[in-house]
Each structure stands twice: as structure tokens, then as C-alpha cells.
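Data file: structure_7.cif. Format and content: mmCIF, C-alpha atoms and all ligand atoms.
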```
data_query
loop_
_atom_site.group_PDB
_atom_site.id
_atom_site.type_symbol
_atom_site.label_atom_id
_atom_site.label_comp_id
_atom_site.auth_asym_id
_atom_site.auth_seq_id
_atom_site.Cartn_x
_atom_site.Cartn_y
_atom_site.Cartn_z
ATOM 1 C CA MET R 1 -36.557 -110.831 -111.564
ATOM 2 C CA SER R 2 -39.976 -109.281 -112.246
ATOM 3 C CA ALA R 3 -40.868 -105.964 -110.609
ATOM 4 C CA VAL R 4 -43.303 -106.118 -107.677
ATOM 5 C CA ALA R 5 -46.590 -104.509 -108.703
ATOM 6 C CA ILE R 6 -47.843 -101.869 -106.260
ATOM 7 C CA ALA R 7 -51.592 -102.119 -105.760
ATOM 8 C CA PRO R 8 -53.486 -98.878 -106.372
ATOM 9 C CA LEU R 9 -54.813 -97.262 -103.204
ATOM 10 C CA ALA R 10 -58.477 -96.605 -102.523
ATOM 11 C CA ALA R 11 -59.717 -93.219 -101.298
ATOM 12 C CA PRO R 12 -59.750 -94.123 -97.550
ATOM 13 C CA ALA R 13 -55.977 -94.693 -97.688
ATOM 14 C CA PHE R 14 -55.620 -90.927 -98.180
ATOM 15 C CA LYS R 15 -57.659 -90.043 -95.048
ATOM 16 C CA SER R 16 -55.687 -89.568 -91.846
ATOM 17 C CA ASP R 17 -56.759 -90.706 -88.383
ATOM 18 C CA TYR R 18 -57.524 -87.149 -87.289
ATOM 19 C CA SER R 19 -61.240 -86.424 -87.054
ATOM 20 C CA PRO R 20 -62.136 -83.102 -88.666
ATOM 21 C CA ILE R 21 -63.356 -80.470 -86.228
ATOM 22 C CA TRP R 22 -65.555 -78.693 -88.760
ATOM 23 C CA CYS R 23 -69.139 -77.883 -87.726
ATOM 24 C CA PRO R 24 -71.617 -80.673 -88.481
ATOM 25 C CA GLY R 25 -72.915 -80.092 -92.001
ATOM 26 C CA CYS R 26 -69.967 -77.952 -93.187
ATOM 27 C CA GLY R 27 -69.357 -78.442 -96.912
ATOM 28 C CA ASP R 28 -65.645 -78.971 -96.312
ATOM 29 C CA TYR R 29 -66.220 -82.589 -95.178
ATOM 30 C CA SER R 30 -67.319 -83.458 -98.696
ATOM 31 C CA VAL R 31 -64.456 -81.533 -100.260
ATOM 32 C CA LEU R 32 -62.060 -83.661 -98.194
ATOM 33 C CA SER R 33 -63.754 -86.758 -99.654
ATOM 34 C CA SER R 34 -63.395 -85.310 -103.133
ATOM 35 C CA PHE R 35 -59.664 -84.801 -102.572
ATOM 36 C CA THR R 36 -59.121 -88.394 -101.453
ATOM 37 C CA LYS R 37 -61.286 -89.782 -104.263
ATOM 38 C CA ALA R 38 -59.368 -87.739 -106.832
ATOM 39 C CA PHE R 39 -56.002 -88.947 -105.465
ATOM 40 C CA ALA R 40 -57.221 -92.560 -105.693
ATOM 41 C CA GLN R 41 -58.581 -92.040 -109.218
ATOM 42 C CA LEU R 42 -55.211 -90.726 -110.334
ATOM 43 C CA GLY R 43 -53.399 -93.754 -108.868
ATOM 44 C CA LEU R 44 -51.308 -91.532 -106.587
ATOM 45 C CA ARG R 45 -49.498 -92.482 -103.396
ATOM 46 C CA PRO R 46 -49.552 -90.257 -100.276
ATOM 47 C CA GLU R 47 -45.759 -90.035 -100.171
ATOM 48 C CA ASN R 48 -45.755 -88.344 -103.589
ATOM 49 C CA VAL R 49 -48.470 -85.776 -102.879
ATOM 50 C CA VAL R 50 -48.255 -82.551 -100.866
ATOM 51 C CA VAL R 51 -51.348 -80.656 -99.751
ATOM 52 C CA VAL R 52 -50.511 -77.028 -98.965
ATOM 53 C CA SER R 53 -52.895 -74.566 -97.301
ATOM 54 C CA GLY R 54 -53.119 -71.187 -95.613
ATOM 55 C CA ILE R 55 -55.312 -70.471 -92.577
ATOM 56 C CA GLY R 56 -59.059 -70.922 -92.189
ATOM 57 C CA CYS R 57 -61.519 -73.747 -91.576
ATOM 58 C CA SER R 58 -60.963 -74.961 -95.148
ATOM 59 C CA SER R 59 -57.211 -74.752 -94.722
ATOM 60 C CA ARG R 60 -57.317 -77.535 -92.137
ATOM 61 C CA ILE R 61 -57.522 -80.065 -94.960
ATOM 62 C CA PRO R 62 -53.835 -81.139 -95.099
ATOM 63 C CA ALA R 63 -54.001 -82.637 -91.581
ATOM 64 C CA TYR R 64 -56.944 -84.798 -92.566
ATOM 65 C CA THR R 65 -55.023 -86.505 -95.367
ATOM 66 C CA THR R 66 -52.169 -88.998 -95.187
ATOM 67 C CA CYS R 67 -50.179 -86.969 -97.737
ATOM 68 C CA TYR R 68 -47.377 -84.607 -96.865
ATOM 69 C CA GLY R 69 -48.919 -81.345 -95.715
ATOM 70 C CA PHE R 70 -48.045 -77.733 -95.079
ATOM 71 C CA HIS R 71 -50.560 -75.703 -93.049
ATOM 72 C CA GLY R 72 -48.914 -72.365 -93.512
ATOM 73 C CA VAL R 73 -49.574 -68.693 -93.069
ATOM 74 C CA HIS R 74 -52.842 -66.922 -93.892
ATOM 75 C CA GLY R 75 -52.937 -66.068 -97.600
ATOM 76 C CA ARG R 76 -49.501 -67.475 -98.377
ATOM 77 C CA ALA R 77 -50.320 -71.027 -99.462
ATOM 78 C CA LEU R 78 -49.598 -70.363 -103.138
ATOM 79 C CA ALA R 79 -46.206 -68.810 -102.388
ATOM 80 C CA ALA R 80 -45.140 -71.897 -100.439
ATOM 81 C CA ALA R 81 -46.616 -74.281 -103.006
ATOM 82 C CA THR R 82 -44.960 -72.504 -105.926
ATOM 83 C CA GLY R 83 -41.535 -72.752 -104.294
ATOM 84 C CA LEU R 84 -42.099 -76.396 -103.457
ATOM 85 C CA LYS R 85 -43.183 -77.362 -106.964
ATOM 86 C CA ILE R 86 -40.282 -75.496 -108.556
ATOM 87 C CA ALA R 87 -37.796 -77.227 -106.251
ATOM 88 C CA ARG R 88 -39.472 -80.653 -106.393
ATOM 89 C CA PRO R 89 -41.240 -81.000 -109.740
ATOM 90 C CA ASP R 90 -41.503 -84.749 -109.115
ATOM 91 C CA LEU R 91 -44.147 -84.165 -106.413
ATOM 92 C CA THR R 92 -47.848 -83.601 -107.013
ATOM 93 C CA VAL R 93 -48.748 -80.341 -105.266
ATOM 94 C CA VAL R 94 -52.343 -79.470 -104.448
ATOM 95 C CA VAL R 95 -53.239 -76.212 -102.705
ATOM 96 C CA ALA R 96 -56.349 -75.614 -100.604
ATOM 97 C CA GLY R 97 -57.949 -72.605 -98.983
ATOM 98 C CA GLY R 98 -60.996 -70.444 -98.453
ATOM 99 C CA ASP R 99 -62.244 -67.310 -100.177
ATOM 100 C CA GLY R 100 -60.819 -65.009 -97.478
ATOM 101 C CA ASP R 101 -57.447 -66.717 -97.543
ATOM 102 C CA ALA R 102 -57.332 -66.845 -101.349
ATOM 103 C CA TYR R 103 -58.765 -63.548 -102.504
ATOM 104 C CA SER R 104 -58.297 -61.099 -99.644
ATOM 105 C CA ILE R 105 -54.956 -61.440 -97.889
ATOM 106 C CA GLY R 106 -53.785 -63.906 -100.571
ATOM 107 C CA GLY R 107 -55.177 -62.015 -103.558
ATOM 108 C CA ASN R 108 -51.866 -60.879 -104.954
ATOM 109 C CA HIS R 109 -50.406 -64.382 -104.794
ATOM 110 C CA PHE R 110 -53.494 -65.664 -106.598
ATOM 111 C CA LEU R 111 -52.976 -63.266 -109.519
ATOM 112 C CA HIS R 112 -49.330 -64.120 -109.922
ATOM 113 C CA ALA R 113 -49.830 -67.867 -109.527
ATOM 114 C CA CYS R 114 -52.293 -67.723 -112.433
ATOM 115 C CA ARG R 115 -49.813 -65.690 -114.443
ATOM 116 C CA ARG R 116 -46.811 -67.911 -113.671
ATOM 117 C CA ASN R 117 -48.654 -71.103 -114.551
ATOM 118 C CA VAL R 118 -46.608 -73.408 -112.346
ATOM 119 C CA ASP R 119 -48.056 -76.946 -112.402
ATOM 120 C CA LEU R 120 -50.300 -76.700 -109.318
ATOM 121 C CA THR R 121 -53.963 -77.351 -108.602
ATOM 122 C CA TYR R 122 -55.631 -74.729 -106.420
ATOM 123 C CA VAL R 123 -58.938 -75.665 -104.788
ATOM 124 C CA VAL R 124 -60.740 -72.793 -103.076
ATOM 125 C CA MET R 125 -63.672 -73.696 -100.827
ATOM 126 C CA ASP R 126 -65.829 -70.644 -101.331
ATOM 127 C CA ASN R 127 -68.510 -69.974 -98.698
ATOM 128 C CA HIS R 128 -68.607 -66.196 -99.223
ATOM 129 C CA VAL R 129 -67.555 -65.585 -95.605
ATOM 130 C CA TYR R 130 -64.659 -65.826 -93.156
ATOM 131 C CA GLY R 131 -65.795 -68.942 -91.281
ATOM 132 C CA MET R 132 -62.929 -69.442 -88.853
ATOM 133 C CA THR R 133 -62.988 -65.894 -87.481
ATOM 134 C CA LYS R 134 -66.758 -65.945 -87.017
ATOM 135 C CA GLY R 135 -68.495 -64.521 -89.993
ATOM 136 C CA GLN R 136 -66.853 -61.395 -91.385
ATOM 137 C CA PRO R 137 -67.548 -60.652 -95.058
ATOM 138 C CA SER R 138 -64.997 -61.833 -97.604
ATOM 139 C CA PRO R 139 -64.296 -60.591 -101.151
ATOM 140 C CA THR R 140 -66.985 -62.938 -102.523
ATOM 141 C CA THR R 141 -69.667 -61.882 -99.995
ATOM 142 C CA GLU R 142 -72.712 -60.422 -101.699
ATOM 143 C CA SER R 143 -72.777 -56.611 -101.253
ATOM 144 C CA ASP R 144 -76.237 -56.698 -99.628
ATOM 145 C CA TRP R 145 -75.457 -59.459 -97.096
ATOM 146 C CA VAL R 146 -76.638 -58.272 -93.709
ATOM 147 C CA SER R 147 -74.810 -59.477 -90.599
ATOM 148 C CA LYS R 148 -73.981 -58.058 -87.166
ATOM 149 C CA LEU R 149 -70.788 -56.633 -88.665
ATOM 150 C CA THR R 150 -72.468 -55.359 -91.832
ATOM 151 C CA PRO R 151 -75.911 -54.172 -90.706
ATOM 152 C CA THR R 152 -76.578 -52.500 -94.044
ATOM 153 C CA GLY R 153 -74.528 -54.859 -96.198
ATOM 154 C CA THR R 154 -70.968 -54.258 -97.321
ATOM 155 C CA GLY R 155 -71.963 -52.024 -100.202
ATOM 156 C CA VAL R 156 -68.894 -53.288 -102.051
ATOM 157 C CA ARG R 157 -69.040 -55.211 -105.306
ATOM 158 C CA THR R 158 -67.909 -58.815 -105.206
ATOM 159 C CA PHE R 159 -64.652 -60.208 -106.523
ATOM 160 C CA HIS R 160 -65.117 -62.615 -109.465
ATOM 161 C CA PRO R 161 -62.478 -65.326 -108.951
ATOM 162 C CA LEU R 162 -63.028 -67.366 -112.119
ATOM 163 C CA VAL R 163 -62.944 -64.357 -114.423
ATOM 164 C CA ILE R 164 -59.941 -62.898 -112.638
ATOM 165 C CA ALA R 165 -58.156 -66.263 -112.874
ATOM 166 C CA LEU R 166 -58.760 -66.328 -116.622
ATOM 167 C CA ALA R 167 -57.660 -62.742 -117.109
ATOM 168 C CA ALA R 168 -54.498 -63.468 -115.124
ATOM 169 C CA GLY R 169 -53.642 -66.559 -117.191
ATOM 170 C CA ALA R 170 -54.841 -69.682 -115.337
ATOM 171 C CA ASN R 171 -54.698 -72.690 -117.644
ATOM 172 C CA PHE R 172 -57.739 -74.525 -116.244
ATOM 173 C CA VAL R 173 -60.807 -73.035 -114.593
ATOM 174 C CA ALA R 174 -63.709 -74.963 -113.086
ATOM 175 C CA ARG R 175 -66.550 -74.646 -110.617
ATOM 176 C CA ALA R 176 -67.667 -77.535 -108.399
ATOM 177 C CA PHE R 177 -70.175 -78.039 -105.570
ATOM 178 C CA SER R 178 -69.344 -79.772 -102.290
ATOM 179 C CA GLY R 179 -72.779 -81.426 -102.239
ATOM 180 C CA ASP R 180 -71.682 -83.543 -105.217
ATOM 181 C CA PRO R 181 -68.456 -85.147 -103.931
ATOM 182 C CA ASN R 182 -68.121 -87.550 -106.880
ATOM 183 C CA GLY R 183 -68.586 -84.770 -109.416
ATOM 184 C CA SER R 184 -66.132 -82.570 -107.514
ATOM 185 C CA ALA R 185 -63.614 -85.440 -107.347
ATOM 186 C CA ALA R 186 -63.819 -85.862 -111.128
ATOM 187 C CA ILE R 187 -63.249 -82.126 -111.629
ATOM 188 C CA ILE R 188 -60.325 -82.023 -109.173
ATOM 189 C CA ALA R 189 -58.778 -85.093 -110.842
ATOM 190 C CA GLU R 190 -59.090 -83.437 -114.267
ATOM 191 C CA ALA R 191 -57.543 -80.264 -112.857
ATOM 192 C CA MET R 192 -54.614 -82.266 -111.482
ATOM 193 C CA ARG R 193 -54.170 -84.105 -114.777
ATOM 194 C CA THR R 194 -54.006 -80.809 -116.703
ATOM 195 C CA PRO R 195 -50.474 -79.340 -116.765
ATOM 196 C CA GLY R 196 -50.067 -75.793 -115.467
ATOM 197 C CA PHE R 197 -52.013 -73.756 -112.926
ATOM 198 C CA SER R 198 -55.477 -75.233 -112.480
ATOM 199 C CA PHE R 199 -58.051 -73.367 -110.445
ATOM 200 C CA VAL R 200 -61.165 -75.026 -109.007
ATOM 201 C CA GLU R 201 -63.768 -72.971 -107.142
ATOM 202 C CA VAL R 202 -65.796 -75.300 -104.931
ATOM 203 C CA LEU R 203 -69.032 -73.850 -103.569
ATOM 204 C CA SER R 204 -68.846 -75.197 -100.002
ATOM 205 C CA PRO R 205 -71.538 -73.949 -97.603
ATOM 206 C CA CYS R 206 -70.688 -72.484 -94.198
ATOM 207 C CA VAL R 207 -73.767 -73.760 -92.393
ATOM 208 C CA THR R 208 -72.925 -71.805 -89.243
ATOM 209 C CA PHE R 209 -72.503 -68.257 -90.532
ATOM 210 C CA ARG R 210 -74.335 -68.598 -93.863
ATOM 211 C CA PRO R 211 -77.080 -71.178 -93.125
ATOM 212 C CA GLU R 212 -78.992 -69.996 -96.194
ATOM 213 C CA GLN R 213 -76.266 -71.633 -98.297
ATOM 214 C CA ARG R 214 -77.908 -74.981 -97.564
ATOM 215 C CA GLU R 215 -80.181 -73.939 -100.456
ATOM 216 C CA TRP R 216 -77.255 -74.049 -102.895
ATOM 217 C CA LYS R 217 -78.056 -77.692 -103.558
ATOM 218 C CA LYS R 218 -81.261 -76.539 -105.247
ATOM 219 C CA GLN R 219 -79.504 -73.858 -107.270
ATOM 220 C CA VAL R 220 -76.498 -75.649 -108.767
ATOM 221 C CA ARG R 221 -76.728 -77.292 -112.195
ATOM 222 C CA PRO R 222 -74.287 -78.702 -114.745
ATOM 223 C CA ALA R 223 -72.999 -75.931 -117.024
ATOM 224 C CA PRO R 224 -75.108 -76.118 -120.195
ATOM 225 C CA VAL R 225 -72.062 -75.626 -122.452
ATOM 226 C CA GLU R 226 -69.015 -77.694 -123.409
ATOM 227 C CA THR R 227 -65.582 -76.826 -122.014
ATOM 228 C CA THR R 228 -63.886 -74.220 -124.184
ATOM 229 C CA ASP R 229 -60.218 -73.506 -124.879
ATOM 230 C CA ASP R 230 -61.043 -69.895 -125.779
ATOM 231 C CA PRO R 231 -60.500 -67.686 -122.684
ATOM 232 C CA ALA R 232 -62.579 -64.803 -124.063
ATOM 233 C CA ARG R 233 -65.547 -67.095 -124.630
ATOM 234 C CA ALA R 234 -65.116 -68.602 -121.158
ATOM 235 C CA VAL R 235 -65.026 -65.130 -119.571
ATOM 236 C CA ARG R 236 -68.212 -64.064 -121.390
ATOM 237 C CA ARG R 237 -70.011 -67.196 -120.255
ATOM 238 C CA ILE R 238 -68.868 -66.895 -116.648
ATOM 239 C CA MET R 239 -69.671 -63.169 -116.470
ATOM 240 C CA THR R 240 -73.220 -63.863 -117.568
ATOM 241 C CA ASP R 241 -74.030 -66.998 -115.557
ATOM 242 C CA ASP R 242 -75.522 -66.763 -112.064
ATOM 243 C CA GLY R 243 -72.589 -68.397 -110.288
ATOM 244 C CA PHE R 244 -74.182 -71.845 -110.097
ATOM 245 C CA ASN R 245 -73.058 -73.484 -113.361
ATOM 246 C CA ILE R 246 -70.887 -76.457 -112.398
ATOM 247 C CA GLY R 247 -68.204 -78.031 -114.565
ATOM 248 C CA VAL R 248 -64.895 -77.467 -116.321
ATOM 249 C CA LEU R 249 -65.377 -74.019 -117.831
ATOM 250 C CA TYR R 250 -62.004 -73.500 -119.504
ATOM 251 C CA LYS R 251 -59.077 -75.738 -120.385
ATOM 252 C CA GLY R 252 -56.076 -74.228 -122.151
ATOM 253 C CA ASN R 253 -52.729 -75.392 -123.499
ATOM 254 C CA ARG R 254 -50.192 -73.038 -121.909
ATOM 255 C CA LYS R 255 -46.846 -74.585 -121.149
ATOM 256 C CA PRO R 256 -46.242 -74.757 -117.376
ATOM 257 C CA TYR R 257 -43.459 -72.619 -115.951
ATOM 258 C CA GLN R 258 -40.521 -74.640 -114.685
ATOM 259 C CA PRO R 259 -37.211 -72.741 -114.632
ATOM 260 C CA GLU R 260 -34.262 -74.822 -115.735
ATOM 261 C CA THR R 261 -31.977 -73.322 -113.126
ATOM 262 C CA VAL R 262 -33.416 -75.437 -110.338
ATOM 263 C CA THR R 263 -33.969 -78.733 -112.121
ATOM 264 C CA GLY R 264 -31.310 -80.178 -109.820
ATOM 265 C CA GLY R 265 -33.999 -80.150 -107.139
ATOM 266 C CA ALA R 266 -33.929 -79.236 -103.469
ATOM 267 C CA ALA R 267 -30.443 -80.663 -102.841
ATOM 268 C CA GLU R 268 -29.003 -78.322 -105.477
ATOM 269 C CA LEU R 269 -30.740 -75.315 -103.898
ATOM 270 C CA GLU R 270 -29.665 -76.279 -100.389
ATOM 271 C CA LYS R 271 -25.976 -76.165 -101.379
ATOM 272 C CA ASP R 272 -26.221 -72.369 -101.613
ATOM 273 C CA PHE R 273 -27.517 -72.166 -98.035
ATOM 274 C CA ALA R 274 -24.994 -74.526 -96.438
ATOM 275 C CA LEU R 275 -23.228 -72.985 -93.415
HETATM 276 C C1 LIG R 301 -52.051 -62.581 -90.980
HETATM 277 C C2 LIG R 301 -53.379 -63.025 -90.451
HETATM 278 N N1 LIG R 301 -54.433 -62.201 -90.515
HETATM 279 C C3 LIG R 301 -55.631 -62.602 -90.066
HETATM 280 C C4 LIG R 301 -55.770 -63.852 -89.534
HETATM 281 C C5 LIG R 301 -57.116 -64.266 -88.995
HETATM 282 N N2 LIG R 301 -57.802 -65.202 -89.859
HETATM 283 C C6 LIG R 301 -57.694 -66.536 -89.669
HETATM 284 S S1 LIG R 301 -58.634 -67.414 -90.734
HETATM 285 C C7 LIG R 301 -59.232 -65.994 -91.429
HETATM 286 C C8 LIG R 301 -60.255 -66.000 -92.526
HETATM 287 C C9 LIG R 301 -60.636 -67.342 -92.990
HETATM 288 O O1 LIG R 301 -61.636 -67.251 -93.960
HETATM 289 P P1 LIG R 301 -61.591 -68.126 -95.269
HETATM 290 O O2 LIG R 301 -60.262 -68.095 -95.900
HETATM 291 O O3 LIG R 301 -62.730 -67.683 -96.132
HETATM 292 O O4 LIG R 301 -61.771 -69.613 -94.752
HETATM 293 P P2 LIG R 301 -62.961 -70.373 -94.000
HETATM 294 O O5 LIG R 301 -62.637 -70.277 -92.552
HETATM 295 O O6 LIG R 301 -64.261 -69.692 -94.351
HETATM 296 O O7 LIG R 301 -62.864 -71.747 -94.543
HETATM 297 C C10 LIG R 301 -58.674 -64.865 -90.852
HETATM 298 C C11 LIG R 301 -58.989 -63.459 -91.234
HETATM 299 C C12 LIG R 301 -54.645 -64.697 -89.485
HETATM 300 N N3 LIG R 301 -54.725 -65.959 -89.033
HETATM 301 N N4 LIG R 301 -53.470 -64.261 -89.961
HETATM 302 S S1 LIG R 302 -67.555 -72.032 -89.292
HETATM 303 FE FE1 LIG R 302 -68.418 -72.467 -91.323
HETATM 304 S S2 LIG R 302 -66.634 -72.977 -92.625
HETATM 305 FE FE2 LIG R 302 -65.994 -73.155 -90.488
HETATM 306 S S3 LIG R 302 -66.288 -75.331 -89.953
HETATM 307 FE FE3 LIG R 302 -68.149 -74.201 -89.344
HETATM 308 S S4 LIG R 302 -69.512 -74.416 -91.096
HETATM 309 FE FE4 LIG R 302 -67.448 -74.910 -91.839
#
```

Output the structure of this file as C-alpha cells.
Amino acid sequence: MSAVAIAPLAAPAFKSDYSPIWCPGCGDYSVLSSFTKAFAQLGLRPENVVVVSGIGCSSRIPAYTTCYGFHGVHGRALAAATGLKIARPDLTVVVAGGDGDAYSIGGNHFLHACRRNVDLTYVVMDNHVYGMTKGQPSPTTESDWVSKLTPTGTGVRTFHPLVIALAAGANFVARAFSGDPNGSAAIIAEAMRTPGFSFVEVLSPCVTFRPEQREWKKQVRPAPVETTDDPARAVRRIMTDDGFNIGVLYKGNRKPYQPETVTGGAAELEKDFAL
């Protein structure tokens, strides 16, 4: 008897019936489209994909997909995702969050996820602000950004996620822009195809608390250089660009971390916790 062929799914099959409650014009709508397009491009099925997030406007993404989802605790998405991928290496695990979630409260997990190189794709929607809690500065907020809470700016230098990811050992580093959902989908798909910890910074404007970010569409451009597999070269390039070069900026060959002790999967682990 011949096997029944399963038809590949199109992007809309990965969108749930929940309507996003993001502000009109928020960049995260397009990032959601990029996720679903990437899943379709990779020929995935929702039952084999898990989208894990922390807390924030951007972290609402799992509910808007038809995949399994885990909308967890602020800053702890990578910890949950790492455990899941180690226990269930058969699943495709994608992690989503914002710059506050990822680099402030979640900063330590970010460093160690890069270092561990578990086969995950981490997509951070960076709007240089805490959107959900109404506009506090985040680690990527420019030091001279003036707001009600920072009347003279923060005076603190910004965190540089891509460089820090490279220094900590991430195996794939890219920058995307929400205003180009097809380009972002291609980058996210390439990140997911690349074994190990893949990090994608998506510039995703917060039109409510950073309306000036609507101008990002005029500032972004394709990176004028080819992807490199040399982390030192990638760091030099990223340190000297203006933050608006889009593309895959580094792709390495590190072997993903997958401890043999848990290859029996979740059932094996659960035996130790049986009452
Ligand atoms: C332990 C804890 N501390 C603080 C908060 C409050 N909080 C919720 S979302 C958020 C920041 C979200 O900003 P970001 O991650 O940049 O996402 P955005 O909303 O901009 O997408 C904070 C501080 C919380 N939910 N839990
Ligand atoms: S507050 Fe900002 S990040 Fe949050 S939904 Fe509105 S525009 Fe998007």
C-alpha cells in the first residue's frame, strides 16, 4: 500500500483564530506573518512546532499561531525552551520576545543560551522600549532618548545584542526588519534550518511609545557584505555599522548541544518524578 502524501501547509494554516490586540501599526503584526511564512517555507506542521515566549507585547505571538505555545514568565523563555528542546529534540522550537524580556530580566539566560548552543531559534522583536508596561527604557534604548521617565535621557550606554550573542557563542546571527515580512521570513527560515542556537534581531517599531521608529523603513538597507563564518570579522562589521544593515551576518558550524542522557525523551525524564 502506498503512503498517503501529506500536502504542505500554506502560511495561513499557522495563524490562529485569535485576533492580535497589538496597537494598529505595531511592527509585531508583520513579524507574526514572517513566522507563519517561514513555517510554511520549511514544510512544517503546527503539531511539530512549539513557539515559546516570555512576557511583553511581542511575547503574545504564541497565541496567534496554531502551533503548540508556551507564554511563560518574563525573561525566562529561553530557560523553558532549552529544557523543552533537550527533552523533545524531535520538535522544532522557536522562541520569541522583546528587548526588555530578552536583554534585561532575561539577559543571563540569553548569554548562556548562546553559549550552550542548543538547537533553538530566538527571534527578538527589538523596539528599544518596554511597550507593554508603557514606555520605560530598555537595554537597547538610546542613552539620549527623552521620555517622561527619562527627562534627560538614560545616560547609560546601550547593550549590543548581536555582538554579545557572537561573543557568547551563538551559531547564527542576523538582523531583520518587520517592514519587510518576506525578507524576515527568509531570514527566520534560514535561522531555523541552521543547527544550533540561532539569533535573529528583528527591528520592529513600537508606534505608540516610539513613533519616530516609523522612519526605520527609510534607514534599513541590505547588509553590503556577504555572510561570514568568521566571528571576529562579523563582530568588527556589526560594531561599525549603524544598526540598520539587514541580513544574515554570521553563520557558523558549531555542533549543537544535545546531552545523551536524555535522548529517551520526556517519558524517560518523567519516570524520575513519578509519585
Ligand atoms: C517578573 C516581572 N517583572 C516585570 C514585569 C512587567 N513587565 C511586563 S512586560 C515588561 C517589558 C516588556 O518589554 P519588552 O520585552 O521590550 O516587550 P514589548 O512589550 O516592547 O514587546 C515588563 C517589565 C513582569 N511581567 N514580570
Ligand atoms: S505598545 Fe508598542 S509594542 Fe506594544 S502593541 Fe503597541 S505598538 Fe506594539

Best match for closeness to Val93 of chain R among R:Ser198, R:Gln136, R:Ser16, R:Ser204, counting only C-alpha atoms: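 That would be R:Ser198, the residue with the smallest distance to Val93 of chain R.
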
Using all atoms listed in the file, which residues of the polymer chains come no farther than 6 Å from ligand LIG 302 (chain R)? I'd like the answer as a PyMOL selection string. chain R and resi 22-23+26+57+131-132+206-209

For the interface of segment 157-264 of chain R with segment 39-45 of chain R (cut-off 10 Å, counting all atoms listed in the file), please tabulate each contacting residue of segment 157-264 of chain R alongside its nearest pair of atoms and their separation in Å to one decimal, rows sorted by chain and increasing number, as JSON lines.
```
{"residue": "R:Ala185", "atom": "CA", "partner": "R:Gln41", "partner_atom": "CA", "distance": 8.5}
{"residue": "R:Ala186", "atom": "CA", "partner": "R:Gln41", "partner_atom": "CA", "distance": 8.3}
{"residue": "R:Ile188", "atom": "CA", "partner": "R:Phe39", "partner_atom": "CA", "distance": 9.0}
{"residue": "R:Ala189", "atom": "CA", "partner": "R:Leu42", "partner_atom": "CA", "distance": 6.7}
{"residue": "R:Glu190", "atom": "CA", "partner": "R:Leu42", "partner_atom": "CA", "distance": 9.1}
{"residue": "R:Met192", "atom": "CA", "partner": "R:Leu42", "partner_atom": "CA", "distance": 8.6}
{"residue": "R:Arg193", "atom": "CA", "partner": "R:Leu42", "partner_atom": "CA", "distance": 8.0}
```

Spatial neighbours of segment 230-244 of chain R, max dist 8 Å, only C-alpha atoms, sep filter under 6 positions, as number ranges by chain: R: 162-163, 166-167, 219-221, 250, 252

Run the PyMOL selection byres (((chain R and resi 182) around 12) and not hetatm) mentally over the shown coordinates, then write out the matched residues as a PDB file with C-alpha atoms, in the frame of the given file, using the chain letters and numbers from the document.
```
ATOM      1  CA  ALA R  11     -59.717 -93.219-101.298  1.00  0.00           C
ATOM      2  CA  SER R  30     -67.319 -83.458 -98.696  1.00  0.00           C
ATOM      3  CA  VAL R  31     -64.456 -81.533-100.260  1.00  0.00           C
ATOM      4  CA  LEU R  32     -62.060 -83.661 -98.194  1.00  0.00           C
ATOM      5  CA  SER R  33     -63.754 -86.758 -99.654  1.00  0.00           C
ATOM      6  CA  SER R  34     -63.395 -85.310-103.133  1.00  0.00           C
ATOM      7  CA  PHE R  35     -59.664 -84.801-102.572  1.00  0.00           C
ATOM      8  CA  THR R  36     -59.121 -88.394-101.453  1.00  0.00           C
ATOM      9  CA  LYS R  37     -61.286 -89.782-104.263  1.00  0.00           C
ATOM     10  CA  ALA R  38     -59.368 -87.739-106.832  1.00  0.00           C
ATOM     11  CA  GLN R  41     -58.581 -92.040-109.218  1.00  0.00           C
ATOM     12  CA  ALA R 176     -67.667 -77.535-108.399  1.00  0.00           C
ATOM     13  CA  PHE R 177     -70.175 -78.039-105.570  1.00  0.00           C
ATOM     14  CA  SER R 178     -69.344 -79.772-102.290  1.00  0.00           C
ATOM     15  CA  GLY R 179     -72.779 -81.426-102.239  1.00  0.00           C
ATOM     16  CA  ASP R 180     -71.682 -83.543-105.217  1.00  0.00           C
ATOM     17  CA  PRO R 181     -68.456 -85.147-103.931  1.00  0.00           C
ATOM     18  CA  GLY R 183     -68.586 -84.770-109.416  1.00  0.00           C
ATOM     19  CA  SER R 184     -66.132 -82.570-107.514  1.00  0.00           C
ATOM     20  CA  ALA R 185     -63.614 -85.440-107.347  1.00  0.00           C
ATOM     21  CA  ALA R 186     -63.819 -85.862-111.128  1.00  0.00           C
ATOM     22  CA  ILE R 187     -63.249 -82.126-111.629  1.00  0.00           C
ATOM     23  CA  ILE R 188     -60.325 -82.023-109.173  1.00  0.00           C
ATOM     24  CA  ALA R 189     -58.778 -85.093-110.842  1.00  0.00           C
TER      25      ALA R 189
END
```

With only C-alpha atoms and all ligand atoms counted, collect every polymer residue having an atom within 6 Å of ligand LIG 301 (chain R); state the result as a tab-separated table (two decimals) with C-alpha atoms, in the coordinates of the input.
```tsv
chain	number	residue	atom	x	y	z
R	55	ILE	CA	-55.31	-70.47	-92.58
R	56	GLY	CA	-59.06	-70.92	-92.19
R	57	CYS	CA	-61.52	-73.75	-91.58
R	58	SER	CA	-60.96	-74.96	-95.15
R	74	HIS	CA	-52.84	-66.92	-93.89
R	97	GLY	CA	-57.95	-72.60	-98.98
R	98	GLY	CA	-61.00	-70.44	-98.45
R	99	ASP	CA	-62.24	-67.31	-100.18
R	100	GLY	CA	-60.82	-65.01	-97.48
R	101	ASP	CA	-57.45	-66.72	-97.54
R	129	VAL	CA	-67.56	-65.58	-95.60
R	130	TYR	CA	-64.66	-65.83	-93.16
R	131	GLY	CA	-65.80	-68.94	-91.28
R	132	MET	CA	-62.93	-69.44	-88.85
R	133	THR	CA	-62.99	-65.89	-87.48
```

Please give the centre and size of the box around segment 209-218 of chain R (axis-aligned, containing every atom listed in the file, 3 Å added per side), with values in Å to one decimal and written as AutoDock Vina command-line options.
```
--center_x -76.9 --center_y -73.0 --center_z -97.9 --size_x 14.8 --size_y 15.4 --size_z 20.7
```

Atom CA of Ala13 of chain R and atom CA of Phe197 of chain R are how many Å apart?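 It comes out at 26.2 Å.
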
So that I can see what lies close to Tyr122 of chain R, please list as a list of chain:residue names the residues with an atom at most 10 Å from it, counting only C-alpha atoms and leaving out residues fewer than 3 positions away in the same chain. R:Val51, R:Val52, R:Ser53, R:Ala77, R:Leu78, R:Ala81, R:Val93, R:Val94, R:Val95, R:Ala96, R:Gly97, R:Ala102, R:Phe110, R:Ala113, R:Cys114, R:Asp119, R:Met125, R:Val173, R:Ile188, R:Ala191, R:Met192, R:Phe197, R:Ser198, R:Phe199, R:Val200, R:Glu201

My list of candidates is R:Pro205, R:Gly196, R:Pro222, R:Gly135. Which is closest to Ile86 of chain R when distances are computed with all atoms listed in the file?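 Among the listed residues, the smallest separation from Ile86 of chain R belongs to R:Gly196.
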